[in-house]
$ cat final.txt   # compact mmCIF, C-alpha atoms
# COMPACT_ATOMS: atom_id res chain seq x y z
CA MET A 15 40.28 -23.30 -24.50
CA LYS A 16 37.30 -25.12 -23.01
CA SER A 17 38.57 -24.29 -19.52
CA LEU A 18 38.79 -20.60 -20.38
CA LEU A 19 35.27 -20.72 -21.80
CA LEU A 20 33.95 -22.34 -18.63
CA ILE A 21 35.71 -19.75 -16.47
CA PHE A 22 34.33 -16.91 -18.59
CA THR A 23 30.82 -18.40 -18.45
CA ALA A 24 31.01 -18.81 -14.67
CA TYR A 25 32.34 -15.27 -14.25
CA SER A 26 29.55 -13.90 -16.46
CA ALA A 27 26.99 -15.78 -14.40
CA ILE A 28 28.40 -14.31 -11.19
CA LEU A 29 28.29 -10.79 -12.62
CA SER A 30 24.76 -11.38 -13.85
CA ALA A 31 23.66 -12.56 -10.41
CA GLN A 32 25.34 -9.60 -8.76
CA LYS A 33 23.44 -7.18 -10.97
CA LYS A 34 20.08 -8.59 -9.92
CA THR A 35 20.00 -6.48 -6.76
CA GLU A 36 19.97 -2.75 -6.13
CA ASP A 37 20.81 -0.97 -2.88
CA PHE A 38 18.58 1.60 -1.17
CA LEU A 39 19.98 4.18 1.20
CA ILE A 40 18.10 7.02 2.87
CA SER A 41 20.00 10.20 2.06
CA ILE A 42 20.67 12.66 4.86
CA PRO A 43 19.01 16.06 4.26
CA GLU A 44 21.01 19.29 4.49
CA ARG A 45 18.97 20.58 7.42
CA LYS A 46 20.63 19.30 10.61
CA ASP A 47 19.76 21.78 13.34
CA ILE A 48 16.38 20.70 14.73
CA LYS A 49 16.22 20.79 18.54
CA SER A 50 13.98 17.82 19.08
CA GLU A 51 13.08 15.84 22.19
CA PHE A 52 13.71 12.59 20.29
CA SER A 53 17.05 10.83 20.03
CA LYS A 54 15.95 7.26 19.28
CA ILE A 55 13.74 5.61 16.70
CA LYS A 56 12.71 1.97 16.58
CA LEU A 57 11.17 0.06 13.70
CA ILE A 58 8.42 -2.54 13.56
CA ASP A 59 8.63 -3.93 10.05
CA ALA A 60 5.12 -5.24 9.38
CA ARG A 61 5.45 -5.49 5.59
CA PRO A 62 4.19 -8.73 3.96
CA ASP A 63 7.69 -9.33 2.55
CA THR A 64 10.64 -7.93 4.52
CA THR A 65 13.35 -9.46 2.31
CA ASN A 66 13.32 -6.55 -0.15
CA VAL A 67 11.75 -3.17 -0.92
CA GLY A 68 10.59 -3.80 -4.44
CA ILE A 69 11.76 -4.32 -8.00
CA VAL A 70 13.47 -1.92 -10.40
CA GLN A 71 14.84 -2.26 -13.93
CA LYS A 72 18.53 -2.02 -14.72
CA GLY A 73 20.63 -1.74 -17.84
CA ALA A 74 19.84 -1.40 -21.52
CA PHE A 75 17.68 -4.54 -21.46
CA ASN A 76 15.68 -3.48 -18.37
CA SER A 77 16.55 -6.62 -16.44
CA LYS A 78 14.71 -6.83 -13.14
CA ALA A 79 16.59 -6.26 -9.89
CA LYS A 80 15.30 -6.62 -6.34
CA VAL A 81 15.91 -3.59 -4.15
CA ILE A 82 17.66 -4.92 -1.05
CA PRO A 83 19.09 -2.35 1.39
CA VAL A 84 22.69 -3.21 2.31
CA LYS A 85 22.30 -1.35 5.59
CA PRO A 86 19.21 -2.46 7.59
CA LEU A 87 16.28 -0.03 7.57
CA GLN A 88 16.34 0.24 11.36
CA ALA A 89 19.92 1.54 11.27
CA GLN A 90 19.11 3.92 8.42
CA PHE A 91 16.21 5.52 10.29
CA GLN A 92 18.37 5.93 13.40
CA GLU A 93 21.15 7.58 11.38
CA LEU A 94 18.60 9.90 9.81
CA LEU A 95 17.23 10.97 13.17
CA SER A 96 20.67 11.36 14.75
CA SER A 97 21.87 13.54 11.87
CA ILE A 98 19.02 16.06 11.98
CA SER A 99 18.15 16.21 15.68
CA LYS A 100 20.71 18.31 17.54
CA ASN A 101 19.69 18.30 21.19
CA PRO A 102 22.25 16.81 23.63
CA SER A 103 19.61 16.40 26.36
CA ALA A 104 17.05 14.65 24.15
CA ASP A 105 16.02 11.20 25.35
CA GLY A 106 12.65 10.72 23.63
CA GLU A 107 11.84 7.72 21.48
CA LEU A 108 9.89 7.31 18.24
CA LEU A 109 8.45 4.04 16.95
CA LEU A 110 7.75 3.53 13.24
CA TYR A 111 5.25 0.84 12.25
CA LEU A 112 6.08 0.22 8.58
CA LYS A 113 3.08 -1.32 6.82
CA GLN A 114 4.19 -1.02 3.17
CA PHE A 115 7.35 0.18 1.42
CA TYR A 116 7.85 -0.78 -2.19
CA PHE A 117 9.50 0.38 -5.41
CA ALA A 118 8.36 -0.71 -8.87
CA GLU A 119 8.88 0.35 -12.47
CA VAL A 120 6.88 -0.06 -15.66
CA THR A 121 8.31 0.47 -19.13
CA GLY A 122 6.22 2.24 -21.76
CA ALA A 123 6.88 2.92 -25.42
CA PHE A 124 9.06 6.00 -24.90
CA SER A 125 9.59 6.32 -21.16
CA GLU A 126 9.57 4.55 -17.83
CA LYS A 127 7.38 5.14 -14.82
CA GLY A 128 8.77 4.60 -11.36
CA TYR A 129 6.61 4.12 -8.28
CA CYS A 130 7.34 4.25 -4.59
CA TYR A 131 4.58 3.39 -2.16
CA VAL A 132 4.81 3.87 1.60
CA GLN A 133 2.30 3.20 4.36
CA GLY A 134 3.11 3.50 8.02
CA TYR A 135 2.31 4.90 11.45
CA LEU A 136 4.62 6.88 13.71
CA PHE A 137 4.31 6.73 17.51
CA SER A 138 6.07 8.54 20.34
CA LYS A 139 6.93 6.92 23.67
CA ASP A 140 5.62 8.42 26.91
CA LYS A 141 7.32 8.48 30.30
CA ASP A 142 5.17 5.55 31.47
CA GLY A 143 6.45 3.34 28.64
CA THR A 144 3.27 3.48 26.53
CA TYR A 145 3.02 4.93 23.03
CA GLN A 146 0.77 7.50 21.37
CA LEU A 147 0.02 7.83 17.66
CA ARG A 148 1.82 10.84 16.25
CA ASP A 149 1.15 10.64 12.50
CA GLU A 150 0.37 8.30 9.62
CA LEU A 151 1.88 8.04 6.14
CA ASP A 152 0.03 6.78 3.09
CA SER A 153 1.63 8.10 -0.07
CA VAL A 154 2.48 7.13 -3.63
CA ILE A 155 5.30 8.72 -5.62
CA VAL A 156 5.08 8.53 -9.41
CA HIS A 157 8.04 9.63 -11.55
CA SER A 158 8.23 9.42 -15.32
CA SER A 159 11.39 9.74 -17.43
CA MET A 160 13.77 7.75 -19.62
CA ASP A 161 15.59 6.36 -16.58
CA VAL A 162 13.60 6.54 -13.36
CA THR A 163 15.44 4.35 -10.84
CA LYS A 164 17.71 6.95 -9.21
CA ALA A 165 15.08 9.69 -9.29
CA THR A 166 12.38 7.49 -7.75
CA MET A 167 14.72 6.27 -5.00
CA LYS A 168 15.75 9.86 -4.26
CA LYS A 169 12.11 10.89 -3.92
CA GLY A 170 11.40 7.85 -1.76
CA SER A 171 14.26 8.84 0.51
CA GLU A 172 12.97 12.41 0.72
CA MET A 173 9.51 11.12 1.61
CA PHE A 174 10.89 9.42 4.70
CA SER A 175 13.08 12.39 5.64
CA ASN A 176 10.23 14.89 5.37
CA PHE A 177 7.89 12.63 7.33
CA ILE A 178 10.36 12.26 10.21
CA ILE A 179 11.33 15.95 10.21
CA LYS A 180 7.77 17.26 10.43
CA ASN A 181 7.14 14.98 13.42
CA LEU A 182 10.12 16.21 15.43
CA TYR A 183 8.27 19.37 16.44
CA PRO A 184 5.89 19.50 19.45
CA LYS A 185 2.41 18.09 18.84
CA GLU A 186 -0.76 17.65 20.85
CA ASN A 187 -1.16 14.22 22.37
CA SER A 188 -3.64 11.95 20.63
CA GLY A 189 -4.98 10.72 23.97
CA GLU A 190 -5.04 7.00 23.14
CA LYS A 191 -2.19 4.94 24.58
CA TYR A 192 -0.82 1.64 23.31
CA SER A 193 1.68 -0.91 24.55
CA TYR A 194 4.52 -2.11 22.32
CA GLU A 195 2.78 -5.47 21.94
CA GLN A 196 -0.41 -3.76 20.78
CA ILE A 197 1.46 -1.76 18.14
CA LYS A 198 2.99 -4.96 16.75
CA ASN A 199 -0.58 -5.77 15.65
CA TYR A 200 -1.67 -2.21 14.99
CA ASP A 201 -3.52 -3.02 11.76
CA LYS A 202 -6.17 -4.81 13.82
CA ILE A 203 -6.57 -1.79 16.09
CA ALA A 204 -6.68 0.70 13.21
CA LYS A 205 -9.43 -1.19 11.39
CA GLN A 206 -11.67 -1.16 14.42
CA LYS A 207 -11.89 2.63 14.24
CA PHE A 208 -14.08 2.41 11.14
CA PRO A 209 -17.76 1.32 11.03
CA LEU A 210 -17.12 -0.96 8.03
CA TYR A 211 -14.82 -3.08 10.18
CA ASN A 212 -16.55 -2.90 13.55
CA GLN A 213 -20.22 -3.36 12.66
CA GLU A 214 -21.66 -6.79 12.03
CA VAL A 215 -24.62 -5.50 9.99
CA LEU A 216 -23.69 -3.29 7.03
CA THR A 217 -25.95 -0.51 5.75
CA ASP A 218 -27.57 -1.25 2.39
CA GLY A 219 -26.93 1.26 -0.39
CA LEU A 220 -24.57 2.53 -3.06
CA TYR A 221 -21.34 4.20 -1.94
CA LYS A 222 -19.62 6.91 -3.99
CA THR A 223 -16.13 6.62 -2.52
CA PHE A 224 -14.10 4.26 -0.39
CA LYS A 225 -14.28 6.71 2.54
CA ASP A 226 -18.07 6.69 2.27
CA PHE A 227 -18.00 2.90 2.27
CA ARG A 228 -15.59 2.74 5.21
CA SER A 229 -17.85 5.02 7.25
CA LEU A 230 -21.00 3.23 5.97
CA THR A 231 -22.47 6.47 4.60
CA PRO A 232 -24.37 5.52 1.42
CA ALA A 233 -25.37 7.95 -1.31
CA ALA A 234 -28.97 9.21 -1.50
CA VAL A 235 -29.79 6.68 -4.22
CA THR A 236 -32.12 3.81 -3.47
CA PHE A 237 -32.35 0.51 -5.32
CA SER A 238 -34.77 -2.37 -5.01
CA SER A 239 -33.19 -5.29 -6.86
CA ILE A 240 -30.02 -6.59 -8.48
CA LYS A 241 -29.13 -9.04 -11.24
CA THR A 242 -26.17 -11.32 -10.56
CA THR A 243 -24.18 -13.96 -12.38
CA PRO A 244 -25.46 -17.55 -11.80
CA ASP A 245 -22.92 -18.07 -8.99
CA GLY A 246 -23.99 -14.84 -7.29
CA ASN A 247 -20.45 -13.50 -7.14
CA ARG A 248 -20.92 -10.56 -9.52
CA VAL A 249 -23.69 -7.96 -9.71
CA LEU A 250 -24.34 -7.09 -13.36
CA ARG A 251 -27.30 -4.73 -12.96
CA VAL A 252 -28.77 -2.57 -10.22
CA SER A 253 -32.43 -1.52 -10.46
CA SER A 254 -34.73 0.94 -8.72
CA ASN A 255 -38.52 1.24 -8.55
CA GLU A 256 -38.57 4.75 -7.07
CA SER A 257 -40.65 6.00 -10.00
CA GLY A 258 -43.14 3.17 -9.56
CA LYS A 259 -41.56 1.22 -12.36
CA GLU A 260 -38.48 -1.00 -12.24
CA LYS A 261 -35.65 0.85 -13.96
CA ASP A 262 -31.90 0.21 -14.24
CA ILE A 263 -29.61 2.65 -12.47
CA ARG A 264 -27.24 4.09 -15.06
CA ASN A 265 -23.55 4.83 -14.53
CA THR A 266 -22.99 2.37 -11.70
CA ASN A 267 -19.29 2.84 -12.46
CA GLU A 268 -19.55 6.12 -10.54
CA TYR A 269 -19.77 4.13 -7.30
CA PHE A 270 -17.00 2.44 -5.36
CA ALA A 271 -19.09 -0.20 -3.61
CA MET A 272 -22.58 -1.33 -2.72
CA VAL A 273 -24.30 -3.34 0.01
CA TYR A 274 -27.41 -5.37 -0.80
CA GLN A 275 -29.27 -7.28 1.92
CA GLY A 276 -26.20 -6.91 4.12
CA ILE A 277 -23.78 -8.36 1.55
CA PRO A 278 -20.94 -6.05 0.41
CA TYR A 279 -19.76 -5.73 -3.21
CA VAL A 280 -16.89 -3.68 -4.66
CA TYR A 281 -16.88 -2.26 -8.19
CA SER A 282 -14.40 -3.84 -10.64
CA PRO A 283 -13.62 -1.36 -13.47
CA ILE A 284 -12.30 -4.05 -15.82
CA GLU A 285 -15.29 -6.36 -15.43
CA LYS A 286 -17.76 -3.45 -15.09
CA SER A 287 -19.53 -5.22 -12.27
CA PHE A 288 -19.80 -5.22 -8.48
CA ASN A 289 -17.92 -8.21 -7.08
CA LYS A 290 -18.96 -9.95 -3.88
CA MET A 291 -16.75 -9.59 -0.81
CA THR A 292 -16.33 -11.83 2.22
CA LYS A 293 -14.56 -11.26 5.52
CA ASP A 294 -11.63 -13.37 6.66
CA GLN A 295 -10.34 -14.15 10.15
CA ASN A 296 -8.18 -11.00 10.10
CA ASN A 297 -11.26 -8.81 9.55
CA ASP A 298 -10.17 -8.04 5.97
CA PHE A 299 -12.54 -7.95 2.98
CA LEU A 300 -11.59 -10.46 0.26
CA PHE A 301 -12.92 -10.71 -3.29
CA THR A 302 -11.97 -11.95 -6.76
CA ALA A 303 -11.42 -9.44 -9.57
CA LYS A 304 -9.47 -8.99 -12.76
CA SER A 305 -6.34 -6.90 -13.08
CA LYS A 306 -4.41 -5.99 -16.17
CA THR A 307 -0.91 -7.35 -16.56
CA THR A 308 1.66 -8.31 -19.16
CA ALA A 309 3.59 -11.49 -19.77
CA LYS A 310 6.79 -9.57 -20.48
CA ASN A 311 6.68 -7.45 -17.34
CA GLY A 312 4.70 -9.83 -15.18
CA ASP A 313 6.92 -9.68 -12.09
CA VAL A 314 7.15 -5.90 -12.16
CA MET A 315 3.43 -5.52 -12.72
CA MET A 316 2.64 -7.85 -9.86
CA ALA A 317 4.90 -5.79 -7.62
CA SER A 318 3.18 -2.62 -8.77
CA LEU A 319 -0.27 -3.98 -8.09
CA PHE A 320 0.48 -3.96 -4.38
CA PHE A 321 0.12 -0.19 -4.49
CA GLY A 322 -3.64 -0.30 -4.71
CA VAL A 323 -3.44 1.98 -7.76
CA VAL A 324 -4.10 -0.71 -10.34
CA GLY A 325 -5.75 1.64 -12.83
CA ALA A 326 -2.73 3.93 -13.00
CA ILE A 327 -0.22 1.31 -14.12
CA ILE A 328 -1.96 -0.56 -16.90
CA ALA A 329 0.56 -1.64 -19.55
CA SER A 330 -1.55 -3.83 -21.81
CA ASP A 331 -5.03 -5.19 -22.45
CA ALA A 332 -4.30 -8.64 -21.08
CA SER A 333 -6.04 -9.43 -17.80
CA ALA A 334 -6.05 -12.13 -15.16
CA SER A 335 -8.20 -12.86 -12.12
CA PHE A 336 -6.76 -12.44 -8.65
CA GLU A 337 -7.91 -13.01 -5.13
CA MET A 338 -7.80 -9.49 -3.73
CA LYS A 339 -7.81 -7.81 -0.34
CA LEU A 340 -9.27 -4.35 0.24
CA ASP A 341 -6.72 -1.95 1.73
CA TYR A 342 -8.42 -0.46 4.80
CA LEU A 343 -6.41 2.78 4.52
CA ASN A 344 -7.14 3.82 0.94
CA GLY A 345 -9.45 1.26 -0.67
CA GLY A 346 -6.74 -0.12 -2.94
CA PHE A 347 -6.97 -3.63 -4.38
CA ILE A 348 -4.13 -5.74 -2.98
CA PRO A 349 -3.65 -8.98 -4.93
CA ILE A 350 -2.98 -12.06 -2.82
CA LYS A 351 -2.74 -14.76 -5.48
CA GLU A 352 -3.76 -15.38 -9.07
CA VAL A 353 -6.93 -17.42 -9.54
CA LYS A 354 -6.22 -20.08 -12.16
CA LYS A 355 -9.05 -21.11 -14.43

$ encode --input "final.txt" --output "structure tokens"
Amino acid sequence: MKSLLLIFTAYSAILSAQKKTEDFLISIPERKDIKSEFSKIKLIDARPDTTNVGIVQKGAFNSKAKVIPVKPLQAQFQELLSSISKNPSADGELLLYLKQFYFAEVTGAFSEKGYCYVQGYLFSKDKDGTYQLRDELDSVIVHSSMDVTKATMKKGSEMFSNFIIKNLYPKENSGEKYSYEQIKNYDKIAKQKFPLYNQEVLTDGLYKTFKDFRSLTPAAVTFSSIKTTPDGNRVLRVSSNESGKEKDIRNTNEYFAMVYQGIPYVYSPIEKSFNKMTKDQNNDFLFTAKSKTTAKNGDVMMASLFFGVVGAIIASDASASFEMKLDYLNGGFIPIKEVKK
């Protein structure tokens, strides 16, 4: 009897372990008649974690499962291209630089929300062996229903298919050429296109949006002083003396960021303050800020936070401080690690 119980327990453990993963497969679209010049596609997987493509929830108890493609992504993209491009003489090559690709789910009171986030750049290879930028992808899919896993994965698959299909048609050359080795570190090149990342001295002022901040184009609002926390890491009040008298600027939550005496700060909605940023060796802006999370869904929430859409996936009022990185493409807050008190 004890032996049978041990066997049953072991078998249950195996089944449980097996259920902790979910496959992802790019579905082939019905349209398969595009006469394209491209017959090959290569992948540079530059994601922070290439072992999986996110976390979903399975079963009646919403147990977490890592999404791990059984077939490698490189092979899936090649199959996709081969199935829709019907040109026997095609010998062109595409190169996909995949920066982010992640699924996540959050359970609410009466429904689930599924997310799929993709960031990447697509290049085409020239006759001389160099590459030109063809298009970029920076998109978030949000799907809400009682069971979102299949629907979200289907939409994620369609996102890739549509992106590849629209880039199979002739396009004007971008003009800039890159070697394969340069594209392997394309994030560094992309950042340098924006004043925020290529200027040593930042322009003082308040910035309405991330794009304004990235281009260093402040709003037409002047301020003369700030009040910070004792450690100087958070700006609690911004004041102006335009009227001849020192006066607080109201509604600072309408601004994405500010620069004061050359020091950049980003607005934290939870703390209702501007938090100081510093640059690291990779030319990224780092800062500490709070994000909302839950103990019950901690892993899923942490996965979701990588989207840079923290405000859209709040599941509780609990919050924790994280070391964050500013996403240079969309201004999202990317958590690096939790800051323990």

$ residues_around --input "final.txt" --residues "region 202-205 of chain A" --least-positions-apart "6" --cutoff "9 Å" --atoms "only C-alpha atoms" --output "list in words"
Gln196, Tyr211, Asn212, Asn296, Asn297, Asp298, Tyr342 and Leu343 of chain A

$ write_last_selection --input "final.txt" --atoms "C-alpha atoms" --output "short mmCIF file (atom, residue, chain, number, x, y, z; two decimals), keeping the file's coordinate frame"
data_model
loop_
_atom_site.label_atom_id
_atom_site.label_comp_id
_atom_site.auth_asym_id
_atom_site.auth_seq_id
_atom_site.Cartn_x
_atom_site.Cartn_y
_atom_site.Cartn_z
CA GLN A 196 -0.41 -3.76 20.78
CA TYR A 211 -14.82 -3.08 10.18
CA ASN A 212 -16.55 -2.90 13.55
CA ASN A 296 -8.18 -11.00 10.10
CA ASN A 297 -11.26 -8.81 9.55
CA ASP A 298 -10.17 -8.04 5.97
CA TYR A 342 -8.42 -0.46 4.80
CA LEU A 343 -6.41 2.78 4.52
#

$ atom_distance --input "final.txt" --atom1 "CA of Lys351 (chain A)" --atom2 "CA of Asp63 (chain A)"
14.2 Å

$ residues_around --input "final.txt" --residues "Glu337 (chain A)" --least-positions-apart "4" --cutoff "6 Å" --atoms "all atoms listed in the file" --output "list of chain:residue names"
A:Phe301, A:Thr302, A:Pro349, A:Ile350, A:Lys351

$ residues_near_point --input "final.txt" --point "(10.4, 3.5, 15.1)" --cutoff "6 Å" --atoms "all atoms listed in the file" --output "MDAnalysis selection string"
chainID A and resid 55:57 108:110

$ closest_residue --input "final.txt" --among "A:Asn187, A:Gln92, A:Gln114, A:Ser53" --to "Val154 (chain A)" --atoms "only C-alpha atoms"
A:Gln114

$ closest_residue --input "final.txt" --among "A:Thr163, A:Ser99, A:Thr217, A:Ser158" --to "Val81 (chain A)" --atoms "all atoms listed in the file"
A:Thr163

$ closest_residue --input "final.txt" --among "A:Ser253, A:Thr64, A:Ile82, A:Gly143" --to "Glu195 (chain A)" --atoms "all atoms listed in the file"
A:Gly143

$ closest_residue --input "final.txt" --among "A:Thr236, A:Arg264, A:Glu214, A:Lys259" --to "Lys293 (chain A)" --atoms "only C-alpha atoms"
A:Glu214

$ residues_around --input "final.txt" --residues "Pro62 (chain A)" --least-positions-apart "2" --cutoff "10 Å" --atoms "all atoms listed in the file" --output "list of chain:residue names"
A:Asp59, A:Ala60, A:Thr64, A:Thr65, A:Lys113, A:Gln114, A:Phe115

$ atom_distance --input "final.txt" --atom1 "CA of Thr231 (chain A)" --atom2 "CA of Gln213 (chain A)"
12.9 Å

$ atom_distance --input "final.txt" --atom1 "CA of Asp149 (chain A)" --atom2 "CA of Glu186 (chain A)"
11.1 Å

$ closest_residue --input "final.txt" --among "A:Phe174, A:Phe38, A:Tyr194, A:Phe336" --to "Tyr145 (chain A)" --atoms "all atoms listed in the file"
A:Tyr194

$ residues_around --input "final.txt" --residues "Tyr183 (chain A)" --least-positions-apart "6" --cutoff "10 Å" --atoms "only C-alpha atoms" --output "count of residues only"
5

$ closest_residue --input "final.txt" --among "A:Tyr111, A:Tyr269, A:Tyr116, A:Tyr192" --to "Asp142 (chain A)" --atoms "all atoms listed in the file"
A:Tyr192

$ residues_around --input "final.txt" --residues "Tyr221 (chain A)" --least-positions-apart "4" --cutoff "10 Å" --atoms "all atoms listed in the file" --output "list of chain:residue names"
A:Lys225, A:Asp226, A:Phe227, A:Arg228, A:Ser229, A:Leu230, A:Thr231, A:Pro232, A:Ala233, A:Ala234, A:Val235, A:Glu268, A:Tyr269, A:Phe270, A:Ala271, A:Met272, A:Val273, A:Val280

$ axis_aligned_box --input "final.txt" --around "region 189-196 of chain A" --padding-each-side "4 Å" --output "JSON"
{"center_x": -0.3, "center_y": 2.6, "center_z": 22.7, "size_x": 17.6, "size_y": 24.2, "size_z": 11.8}
